[in-house]
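Data file: input29.csv. Format and content: CSV, C-alpha atoms.
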chain,number,residue,atom,x,y,z
A,1,MET,CA,3.9,-31.1,-30.9
A,2,TRP,CA,1.6,-29.3,-28.4
A,3,ARG,CA,2.8,-25.9,-29.5
A,4,ALA,CA,1.8,-26.7,-33.1
A,5,ALA,CA,-1.6,-27.9,-31.9
A,6,LEU,CA,-2.2,-24.9,-29.8
A,7,LEU,CA,-1.0,-22.7,-32.7
A,8,CYS,CA,-3.9,-24.0,-34.8
A,9,ALA,CA,-6.3,-23.3,-32.0
A,10,ALA,CA,-4.9,-19.8,-31.5
A,11,LEU,CA,-5.1,-19.0,-35.2
A,12,ALA,CA,-8.7,-20.1,-35.2
A,13,GLY,CA,-9.7,-18.2,-32.0
A,14,PRO,CA,-10.0,-14.4,-31.4
A,15,ALA,CA,-6.9,-12.3,-30.8
A,16,SER,CA,-6.0,-11.6,-27.2
A,17,ALA,CA,-5.4,-8.2,-25.7
A,18,GLN,CA,-1.9,-7.1,-26.4
A,19,ASP,CA,0.6,-7.8,-23.6
A,20,GLY,CA,1.7,-4.8,-21.6
A,21,ALA,CA,5.4,-5.4,-22.4
A,22,ALA,CA,4.6,-5.6,-26.1
A,23,ALA,CA,2.5,-2.4,-25.9
A,24,GLN,CA,5.5,-0.6,-24.2
A,25,ALA,CA,7.9,-1.7,-26.9
A,26,ARG,CA,5.5,-0.8,-29.7
A,27,ALA,CA,5.2,2.7,-28.2
A,28,ALA,CA,9.0,2.9,-28.5
A,29,LEU,CA,8.8,1.9,-32.1
A,30,THR,CA,6.3,4.7,-32.7
A,31,GLN,CA,8.7,7.1,-30.9
A,32,LEU,CA,11.6,6.1,-33.2
A,33,GLU,CA,9.4,6.6,-36.2
A,34,GLY,CA,8.7,10.1,-35.0
A,35,ALA,CA,12.5,10.7,-34.6
A,36,LEU,CA,13.1,9.6,-38.2
A,37,ALA,CA,10.5,12.0,-39.4
A,38,GLN,CA,11.9,14.7,-37.2
A,39,LEU,CA,15.4,14.1,-38.8
A,40,ASP,CA,14.1,14.9,-42.2
A,41,GLU,CA,12.7,18.2,-41.0
A,42,ALA,CA,15.9,19.0,-39.0
A,43,GLN,CA,18.0,19.0,-42.2
A,44,SER,CA,16.1,22.0,-43.6
A,45,ALA,CA,15.2,23.7,-40.3
A,46,ARG,CA,16.1,27.4,-39.9
A,47,ASN,CA,17.7,26.7,-36.5
A,48,ARG,CA,19.4,23.6,-37.7
A,49,ILE,CA,21.6,23.0,-34.6
A,50,ARG,CA,18.7,23.1,-32.2
A,51,ALA,CA,16.6,20.8,-34.5
A,52,LEU,CA,19.5,18.3,-34.8
A,53,THR,CA,20.0,18.4,-31.0
A,54,GLU,CA,16.4,17.7,-30.3
A,55,THR,CA,16.4,14.9,-33.0
A,56,ILE,CA,19.4,13.2,-31.4
A,57,GLN,CA,17.7,13.4,-28.0
A,58,ALA,CA,14.5,12.0,-29.5
A,59,PHE,CA,16.5,9.0,-30.9
A,60,GLU,CA,18.3,8.5,-27.6
A,61,ASP,CA,14.9,8.5,-25.8
A,62,GLY,CA,13.4,6.2,-28.3
A,63,LEU,CA,16.3,3.7,-28.2
A,64,ALA,CA,16.2,3.8,-24.4
A,65,ALA,CA,12.5,3.1,-24.4
A,66,MET,CA,13.0,0.3,-27.0
A,67,ARG,CA,15.7,-1.4,-24.8
A,68,THR,CA,13.4,-1.2,-21.8
A,69,GLY,CA,10.4,-2.6,-23.8
A,70,LEU,CA,12.5,-5.4,-25.3
A,71,ARG,CA,13.8,-6.3,-21.8
A,72,GLU,CA,10.3,-6.5,-20.5
A,73,ALA,CA,9.2,-8.4,-23.5
A,74,ALA,CA,12.0,-10.9,-23.2
A,75,ILE,CA,11.1,-11.4,-19.5
A,76,ARG,CA,7.4,-11.9,-20.3
A,77,GLU,CA,8.2,-14.3,-23.2
A,78,ALA,CA,10.4,-16.4,-21.0
A,79,GLN,CA,7.7,-16.5,-18.3
A,80,LEU,CA,5.0,-17.5,-20.8
A,81,THR,CA,7.2,-20.1,-22.5
A,82,GLN,CA,8.1,-21.7,-19.2
A,83,ARG,CA,4.5,-21.7,-18.1
A,84,LEU,CA,3.4,-23.4,-21.3
A,85,ALA,CA,6.2,-26.0,-21.1
A,86,ALA,CA,5.2,-26.8,-17.5
A,87,ARG,CA,1.6,-27.4,-18.6
A,88,GLU,CA,2.5,-29.6,-21.6
A,89,THR,CA,0.6,-32.6,-20.2
A,90,GLU,CA,-2.4,-30.5,-19.4
A,91,VAL,CA,-2.3,-29.1,-22.9
A,92,ALA,CA,-2.4,-32.6,-24.4
A,93,GLN,CA,-5.3,-33.7,-22.2
A,94,LEU,CA,-7.1,-30.5,-22.9
A,95,ILE,CA,-6.8,-30.8,-26.7
A,96,ALA,CA,-8.0,-34.5,-26.5
A,97,ALA,CA,-11.0,-33.4,-24.5
A,98,LEU,CA,-11.8,-30.6,-26.8
A,99,GLN,CA,-11.5,-32.9,-29.8
A,100,SER,CA,-13.9,-35.4,-28.2
A,101,ILE,CA,-16.4,-32.6,-27.6
A,102,GLY,CA,-16.2,-31.6,-31.2
A,103,THR,CA,-16.6,-35.2,-32.6
A,104,PRO,CA,-20.0,-35.7,-34.4
A,105,ARG,CA,-22.3,-37.8,-32.3
A,106,THR,CA,-23.5,-41.2,-33.5
A,107,PRO,CA,-26.2,-43.4,-32.0
A,108,THR,CA,-23.6,-45.9,-30.9
A,109,ALA,CA,-21.6,-43.1,-29.2
A,110,LEU,CA,-24.6,-42.1,-27.2
A,111,LEU,CA,-25.0,-45.6,-25.6
A,112,HIS,CA,-23.6,-45.9,-22.1
A,113,PRO,CA,-22.8,-49.3,-20.3
A,114,ASP,CA,-25.1,-48.3,-17.5
A,115,GLY,CA,-28.0,-47.7,-19.8
A,116,PRO,CA,-30.0,-44.5,-20.3
A,117,THR,CA,-29.3,-43.3,-16.8
A,118,GLY,CA,-25.6,-43.5,-17.2
A,119,THR,CA,-25.8,-41.8,-20.6
A,120,ALA,CA,-27.8,-38.9,-19.1
A,121,ARG,CA,-25.3,-38.5,-16.2
A,122,ALA,CA,-22.3,-38.5,-18.6
A,123,GLY,CA,-24.1,-35.8,-20.7
A,124,LEU,CA,-24.7,-33.7,-17.6
A,125,LEU,CA,-21.0,-34.1,-16.5
A,126,LEU,CA,-19.8,-33.1,-20.0
A,127,ALA,CA,-22.1,-30.1,-20.0
A,128,ASP,CA,-20.6,-29.0,-16.7
A,129,LEU,CA,-17.0,-29.5,-17.9
A,130,THR,CA,-17.3,-27.9,-21.3
A,131,PRO,CA,-17.2,-24.2,-20.0
A,132,ALA,CA,-14.2,-24.9,-17.8
A,133,LEU,CA,-12.4,-26.7,-20.6
A,134,ASN,CA,-13.1,-23.8,-23.0
A,135,ALA,CA,-12.0,-21.3,-20.4
A,136,ARG,CA,-8.7,-23.2,-20.0
A,137,ALA,CA,-8.3,-23.3,-23.7
A,138,ASP,CA,-8.8,-19.6,-24.0
A,139,ARG,CA,-6.2,-18.9,-21.3
A,140,LEU,CA,-3.6,-21.1,-23.1
A,141,ARG,CA,-4.5,-19.5,-26.4
A,142,ARG,CA,-3.9,-16.0,-25.0
A,143,ASP,CA,-0.6,-17.1,-23.6
A,144,LEU,CA,0.5,-18.5,-26.9
A,145,GLU,CA,-0.7,-15.4,-28.8
A,146,ASP,CA,1.3,-13.2,-26.4
A,147,VAL,CA,4.4,-15.2,-27.1
A,148,GLN,CA,3.8,-14.9,-30.8
A,149,THR,CA,3.3,-11.2,-30.5
A,150,LEU,CA,6.5,-10.7,-28.5
A,151,ARG,CA,8.5,-12.7,-31.1
A,152,VAL,CA,7.1,-10.7,-34.0
A,153,LEU,CA,7.8,-7.5,-32.1
A,154,GLN,CA,11.5,-8.5,-31.7
A,155,THR,CA,11.7,-8.9,-35.5
A,156,ASP,CA,10.1,-5.5,-36.1
A,157,ALA,CA,12.4,-4.0,-33.5
A,158,ALA,CA,15.5,-5.3,-35.3
A,159,ALA,CA,14.5,-3.6,-38.6
A,160,ARG,CA,13.6,-0.3,-36.9
A,161,LEU,CA,16.7,-0.3,-34.8
A,162,ARG,CA,18.9,-0.8,-37.9
A,163,GLU,CA,17.3,2.2,-39.6
A,164,SER,CA,17.4,4.3,-36.4
A,165,LEU,CA,21.1,3.6,-35.6
A,166,THR,CA,22.1,4.7,-39.1
A,167,ALA,CA,19.9,7.8,-38.8
A,168,VAL,CA,21.2,8.9,-35.4
A,169,GLN,CA,24.8,8.5,-36.6
A,170,GLY,CA,23.9,10.7,-39.6
A,171,ALA,CA,22.4,13.3,-37.2
A,172,ARG,CA,25.5,13.4,-35.1
A,173,THR,CA,27.7,13.9,-38.2
A,174,ALA,CA,25.4,16.7,-39.3
A,175,LEU,CA,25.5,18.3,-35.9
A,176,ASN,CA,29.3,18.2,-35.9
A,177,GLN,CA,29.3,20.0,-39.2
A,178,ALA,CA,26.7,22.6,-38.1
A,179,MET,CA,28.6,23.3,-34.9
A,180,ALA,CA,31.8,23.9,-36.9
A,181,GLU,CA,30.0,26.3,-39.2
A,182,ARG,CA,28.3,28.3,-36.4
A,183,THR,CA,29.3,31.9,-36.0
A,184,ASP,CA,26.2,33.6,-34.6
A,185,LEU,CA,26.8,33.1,-30.8
A,186,PRO,CA,27.2,36.2,-28.6
A,187,ARG,CA,30.7,36.4,-27.0
A,188,ARG,CA,31.2,37.9,-23.6
A,189,PHE,CA,35.0,37.8,-23.7
A,190,VAL,CA,37.9,36.6,-25.7
A,191,GLU,CA,40.2,34.1,-24.0
A,192,ASP,CA,43.8,34.9,-23.5
A,193,PRO,CA,45.7,31.8,-24.7
A,194,VAL,CA,48.9,32.7,-23.0
A,195,SER,CA,47.3,33.1,-19.6
A,196,THR,CA,45.3,29.9,-20.2
A,197,ALA,CA,48.5,28.0,-20.9
A,198,ILE,CA,50.2,29.4,-17.9
A,199,LEU,CA,47.3,28.6,-15.6
A,200,ILE,CA,47.1,25.0,-16.9
A,201,ALA,CA,50.8,24.5,-16.4
A,202,SER,CA,50.8,25.8,-12.9
A,203,THR,CA,47.6,24.1,-11.8
A,204,GLU,CA,47.6,20.7,-10.0
A,205,THR,CA,44.0,20.7,-8.9
A,206,LEU,CA,40.6,21.5,-10.4
A,207,SER,CA,40.0,23.9,-7.5
A,208,GLY,CA,43.1,25.8,-8.4
A,209,PHE,CA,42.2,26.0,-12.0
A,210,ALA,CA,38.6,27.2,-11.2
A,211,SER,CA,39.9,29.9,-9.0
A,212,GLY,CA,42.2,31.2,-11.7
A,213,LEU,CA,39.6,31.3,-14.5
A,214,SER,CA,38.9,35.0,-14.1
A,215,GLN,CA,42.4,35.8,-15.0
A,216,ILE,CA,42.3,34.4,-18.6
A,217,VAL,CA,40.2,37.1,-20.1
A,218,ALA,CA,41.9,39.2,-22.8
A,219,GLU,CA,39.0,41.5,-23.6
A,220,GLU,CA,35.4,41.6,-22.4
A,221,ASP,CA,32.3,42.9,-24.2
A,222,LEU,CA,30.3,44.7,-21.6
A,223,ASN,CA,27.3,44.8,-23.9
A,224,VAL,CA,26.8,41.0,-23.7
A,225,ARG,CA,25.1,40.1,-20.4
A,226,ALA,CA,25.8,36.9,-18.6
A,227,PRO,CA,22.9,34.5,-17.7
A,228,THR,CA,21.9,35.0,-14.1
A,229,ALA,CA,18.3,33.7,-13.5
A,230,ILE,CA,18.8,30.1,-12.3
A,231,GLU,CA,17.7,30.3,-8.7
A,232,ALA,CA,14.2,29.0,-9.4
A,233,GLU,CA,15.7,26.0,-11.3
A,234,ILE,CA,18.1,24.8,-8.6
A,235,GLY,CA,17.0,21.3,-7.6
A,236,SER,CA,15.2,20.6,-10.8
A,237,LEU,CA,17.9,21.2,-13.5
A,238,PRO,CA,18.1,18.3,-16.0
A,239,LEU,CA,21.2,16.2,-16.2
A,240,PRO,CA,23.4,17.3,-19.1
A,241,VAL,CA,23.4,13.7,-20.5
A,242,GLN,CA,21.1,10.7,-20.4
A,243,GLY,CA,22.5,8.3,-17.9
A,244,LEU,CA,22.7,6.8,-14.4
A,245,VAL,CA,24.5,8.4,-11.5
A,246,LEU,CA,27.1,5.8,-10.5
A,247,ARG,CA,28.8,7.6,-7.7
A,248,ALA,CA,27.6,10.4,-5.5
A,249,MET,CA,29.7,13.4,-4.3
A,250,ASN,CA,32.7,12.3,-2.1
A,251,GLU,CA,31.9,8.6,-2.6
A,252,PRO,CA,35.2,6.8,-3.1
A,253,ASP,CA,35.8,4.8,-6.2
A,254,ALA,CA,37.4,1.3,-6.4
A,255,ALA,CA,40.9,2.9,-5.8
A,256,GLY,CA,39.6,4.7,-2.8
A,257,VAL,CA,39.7,8.1,-4.5
A,258,ALA,CA,36.8,10.4,-3.6
A,259,ARG,CA,36.0,13.4,-5.7
A,260,PRO,CA,33.6,16.3,-4.9
A,261,GLY,CA,31.3,15.6,-7.8
A,262,VAL,CA,29.1,12.9,-9.3
A,263,LEU,CA,29.9,10.3,-11.9
A,264,ILE,CA,27.3,9.6,-14.5
A,265,ALA,CA,27.3,6.4,-16.6
A,266,THR,CA,26.2,7.1,-20.2
A,267,ARG,CA,26.0,5.1,-23.4
A,268,PRO,CA,28.6,5.6,-26.2
A,269,ARG,CA,28.2,8.7,-28.3
A,270,ALA,CA,25.5,10.2,-26.1
A,271,ILE,CA,24.9,13.9,-26.6
A,272,VAL,CA,25.8,16.3,-23.8
A,273,THR,CA,23.8,19.6,-23.5
A,274,SER,CA,23.9,22.6,-21.3
A,275,PRO,CA,21.5,22.3,-18.4
A,276,THR,CA,20.8,26.0,-18.4
A,277,ALA,CA,21.9,29.2,-20.2
A,278,ALA,CA,25.5,29.8,-19.5
A,279,THR,CA,28.8,31.3,-20.5
A,280,ILE,CA,31.5,28.9,-21.6
A,281,ARG,CA,34.5,29.6,-19.4
A,282,TYR,CA,36.8,26.8,-20.6
A,283,THR,CA,36.8,24.0,-23.0
A,284,GLY,CA,39.6,21.5,-23.7
A,285,PRO,CA,41.9,18.9,-22.0
A,286,LEU,CA,42.7,19.5,-18.3
A,287,LEU,CA,44.7,17.6,-15.7
A,288,ASP,CA,43.7,13.9,-15.8
A,289,LEU,CA,40.1,14.6,-16.5
A,290,GLY,CA,40.2,14.3,-20.3
A,291,ASN,CA,38.2,16.9,-22.3
A,292,VAL,CA,36.6,19.4,-19.9
A,293,MET,CA,33.8,21.9,-20.4
A,294,ILE,CA,33.3,24.5,-17.7
A,295,LEU,CA,30.1,26.5,-17.8
A,296,GLU,CA,29.2,29.6,-15.8
A,297,PRO,CA,25.4,29.9,-15.4
A,298,ARG,CA,25.8,32.9,-13.2
A,299,ALA,CA,28.6,34.9,-11.5
A,300,ASP,CA,30.6,32.8,-9.0
A,301,THR,CA,28.9,29.5,-10.1
A,302,LEU,CA,30.5,26.9,-12.3
A,303,PHE,CA,29.4,23.6,-13.8
A,304,VAL,CA,32.4,21.4,-14.5
A,305,LEU,CA,31.9,18.6,-17.0
A,306,ALA,CA,34.7,16.2,-17.7
A,307,GLY,CA,35.1,13.1,-19.8
A,308,LEU,CA,33.7,14.2,-23.2
A,309,GLU,CA,35.3,13.0,-26.4
A,310,THR,CA,34.0,15.9,-28.6
A,311,VAL,CA,33.4,19.4,-27.3
A,312,TYR,CA,31.6,22.2,-29.0
A,313,GLY,CA,32.2,26.0,-28.6
A,314,SER,CA,34.9,28.1,-27.2
A,315,ALA,CA,35.6,30.2,-24.1
A,316,GLY,CA,33.6,33.4,-23.9
A,317,GLU,CA,30.5,32.2,-25.9
A,318,VAL,CA,27.1,32.5,-24.3
A,319,ILE,CA,24.9,29.5,-25.0
A,320,ALA,CA,21.2,28.8,-24.4
A,321,ALA,CA,19.7,26.1,-22.2
A,322,GLY,CA,19.7,22.8,-24.0
A,323,ALA,CA,22.5,23.8,-26.4
A,324,PRO,CA,24.8,20.9,-27.4
A,325,ILE,CA,28.2,21.2,-25.8
A,326,GLY,CA,29.7,17.8,-26.9
A,327,LEU,CA,29.4,14.1,-27.4
A,328,MET,CA,30.6,11.2,-25.2
A,329,GLY,CA,33.2,8.8,-26.6
A,330,GLY,CA,33.0,5.1,-27.3
A,331,PRO,CA,32.4,3.0,-30.4
A,332,ALA,CA,29.3,3.5,-32.5
A,333,ALA,CA,26.4,1.4,-31.4
A,334,THR,CA,25.7,-1.9,-33.2
A,335,LEU,CA,22.4,-3.6,-33.9
A,336,GLY,CA,23.4,-6.6,-31.7
A,337,GLY,CA,24.5,-4.4,-28.9
A,338,GLU,CA,21.3,-2.3,-29.0
A,339,LEU,CA,19.1,-5.4,-29.1
A,340,SER,CA,20.9,-7.0,-26.2
A,341,THR,CA,19.3,-6.5,-22.8
A,342,ASP,CA,22.3,-8.0,-20.9
A,343,GLY,CA,23.0,-5.7,-17.9
A,344,GLU,CA,20.1,-3.4,-18.8
A,345,GLY,CA,19.0,-1.3,-15.9
A,346,THR,CA,22.3,-1.9,-14.0
A,347,GLY,CA,24.6,0.6,-15.8
A,348,ALA,CA,26.7,-2.3,-17.2
A,349,ALA,CA,25.8,-1.4,-20.8
A,350,ARG,CA,26.8,2.3,-20.3
A,351,SER,CA,30.5,2.2,-20.9
A,352,GLU,CA,31.2,5.9,-20.8
A,353,THR,CA,31.3,8.2,-17.8
A,354,LEU,CA,30.8,11.9,-17.4
A,355,TYR,CA,32.1,13.6,-14.2
A,356,MET,CA,30.2,16.6,-13.0
A,357,GLU,CA,31.0,19.2,-10.3
A,358,VAL,CA,29.1,22.2,-9.2
A,359,ARG,CA,31.2,25.0,-7.6
A,360,GLN,CA,29.9,28.1,-6.0
A,361,ASP,CA,32.4,30.7,-4.9
A,362,ASN,CA,34.9,28.0,-5.7
A,363,VAL,CA,33.4,25.7,-3.0
A,364,PRO,CA,32.1,22.3,-4.3
A,365,GLN,CA,28.3,21.9,-3.9
A,366,ASP,CA,26.4,18.6,-4.0
A,367,PRO,CA,25.2,18.2,-7.7
A,368,GLU,CA,22.3,16.1,-6.5
A,369,ALA,CA,20.9,19.1,-4.7
A,370,TRP,CA,21.0,21.0,-8.0
A,371,PHE,CA,20.0,18.4,-10.6
A,372,ARG,CA,17.2,15.8,-11.0
A,373,THR,CA,19.0,12.6,-10.4
A,374,ASP,CA,16.2,10.5,-9.0
A,375,LYS,CA,15.7,8.5,-12.2
A,376,ASP,CA,17.7,7.1,-15.1
A,377,GLY,CA,16.6,9.7,-17.7
A,378,GLU,CA,15.6,6.7,-19.9
Output the file's structure in the form of structure tokens.
Amino acid sequence: MWRAALLCAALAGPASAQDGAAAQARAALTQLEGALAQLDEAQSARNRIRALTETIQAFEDGLAAMRTGLREAAIREAQLTQRLAARETEVAQLIAALQSIGTPRTPTALLHPDGPTGTARAGLLLADLTPALNARADRLRRDLEDVQTLRVLQTDAAARLRESLTAVQGARTALNQAMAERTDLPRRFVEDPVSTAILIASTETLSGFASGLSQIVAEEDLNVRAPTAIEAEIGSLPLPVQGLVLRAMNEPDAAGVARPGVLIATRPRAIVTSPTAATIRYTGPLLDLGNVMILEPRADTLFVLAGLETVYGSAGEVIAAGAPIGLMGGPAATLGGELSTDGEGTGAARSETLYMEVRQDNVPQDPEAWFRTDKDGE
């Protein structure tokens, strides 16, 4: 078959420059290897929670880069394979011509029906064709080498992803344990559970609940100061989770319901972190929003995050920027799912959603004016 013949030529020829898609995916493999090494260090780190959080984020970044690289590699491989298939006849003719060029010359082979003049002309014509034939052979060889590189890369990716998926799940479990054992956070106030229960029972809207948050403080420690310096960060705050903004503020959903916040599509089990230093004002189930985390980065400003499966911390605690505040839900990732590029780049593979509001003086603000939402975060 022509692919086998070209394979022999490719193995005999010099290696081509690595395809851009392959280079991108190999860089992602390196990133995952770094995350694996980082996990070993996180287990013994002094600030274990921070180290584990950064490790999980490194895994998420690496896995996202790997999916992007594999998608580009799959597209490139399909293009090259289609191009080679379309040139099958040309390949067969090319190989025959190259074989004839390489055949040892005999006195009989040098005789031409038109005599010495015809022999000379044929020799000149062959001399002119040889560089062009060799150039075409080199191009085809490079195409085939790129296909081979991409296929080997996919095999390497499967092995690395299997190891990484196990490692990131272990990091999430370790983080859950570390968060459960944490006792060193400063606490601005102690929540009044009775007032909280009354407020939840009497509230029908998120706006009503937010306006009543100041009433659920049992005792306050005036020695613990609230974070306040976020003015310079407004407009450039990182999203609390890696994902795609599916719906903008006040954009109606399929049922025609519009909410004054943004909806972010995430992958299952994605880590959610605090965009800035903040006080936890509330954590737990609320209305029809599932698990809710309400952060107060400064007086009269609230970040409302809804849709988490696991939440960390309790009301009154002061947390640092980048601190883990929970995990998204969904089943654990599988190797087949992570290797699949179906729907990649469209949000279809992100089955979980995080709803986010920004409220200032209890008036909803456009989160896209506060956060960097111009790219996927992958």
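For the pair CA of Arg83 (chain A) and CA of Ala65 (chain A), the interatomic distance is 26.8 Å.
Take CA of Thr279 (chain A) and CA of Ala299 (chain A): the distance between them is 9.7 Å.
Between CA of Leu161 (chain A) and CA of Asp40 (chain A) lies a distance of 17.1 Å.
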Long-range neighbours of region 322-330 of chain A as a count of residues only, 10 Å cut-off, all atoms listed in the file, 3 positions minimum in chain: 48
Restricting the calculation to only C-alpha atoms: of A:Val318, A:Met249, A:Val262, A:Ile56, which residue gets closest to Ala35 (chain A)? A:Ile56
List the spatial neighbours of Asp366 (chain A) as a PyMOL selection string - criterion: any atom at most 10 Å away, only C-alpha atoms, same-chain residues fewer than 6 positions off excluded. chain A and resi 248-250+260-262+356-359
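Nearest residue to Leu263 (chain A), choosing from A:Pro186, A:Gly284, A:Gly243, A:Pro364 and counting all atoms listed in the file: A:Gly243.
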What lies within 10 Å of Ala369 (chain A) using all atoms listed in the file, ignoring chain neighbours under 2 positions off, as a PyMOL selection string? chain A and resi 234-237+358+365-367+371-373
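Proximity of A:Ala178, A:Ala229, A:Phe189, A:Asp146 to Gln79 (chain A), computed with all atoms listed in the file, is greatest for A:Asp146.
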Could you make a table, as a Markdown table, of the residues of region 41-68 of chain A that have an atom within 12 Å of an atom of region 152-158 of chain A, each with its nearest atom pair and distance in Å to one decimal, counting only C-alpha atoms, in chain and number order?
| residue | atom | partner | partner_atom | distance |
| --- | --- | --- | --- | --- |
| A:Gly62 | CA | A:Ala157 | CA | 11.5 |
| A:Leu63 | CA | A:Ala157 | CA | 10.1 |
| A:Ala65 | CA | A:Ala157 | CA | 11.5 |
| A:Met66 | CA | A:Ala157 | CA | 7.8 |
| A:Arg67 | CA | A:Ala157 | CA | 9.7 |
Would you kindly identify which residues have an atom no farther than 9 Å from (45.6, 37.7, -17.5), using only C-alpha atoms and the file's own coordinates, and write them out as JSON, numbers by chain? {"A": [192, 194, 195, 196, 214, 215, 216, 217, 218]}
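Among the candidates A:Arg71, A:Glu145, A:Leu80, A:Ala171, the residue lying nearest to Phe59 (chain A) is A:Ala171 (atoms considered: only C-alpha atoms).
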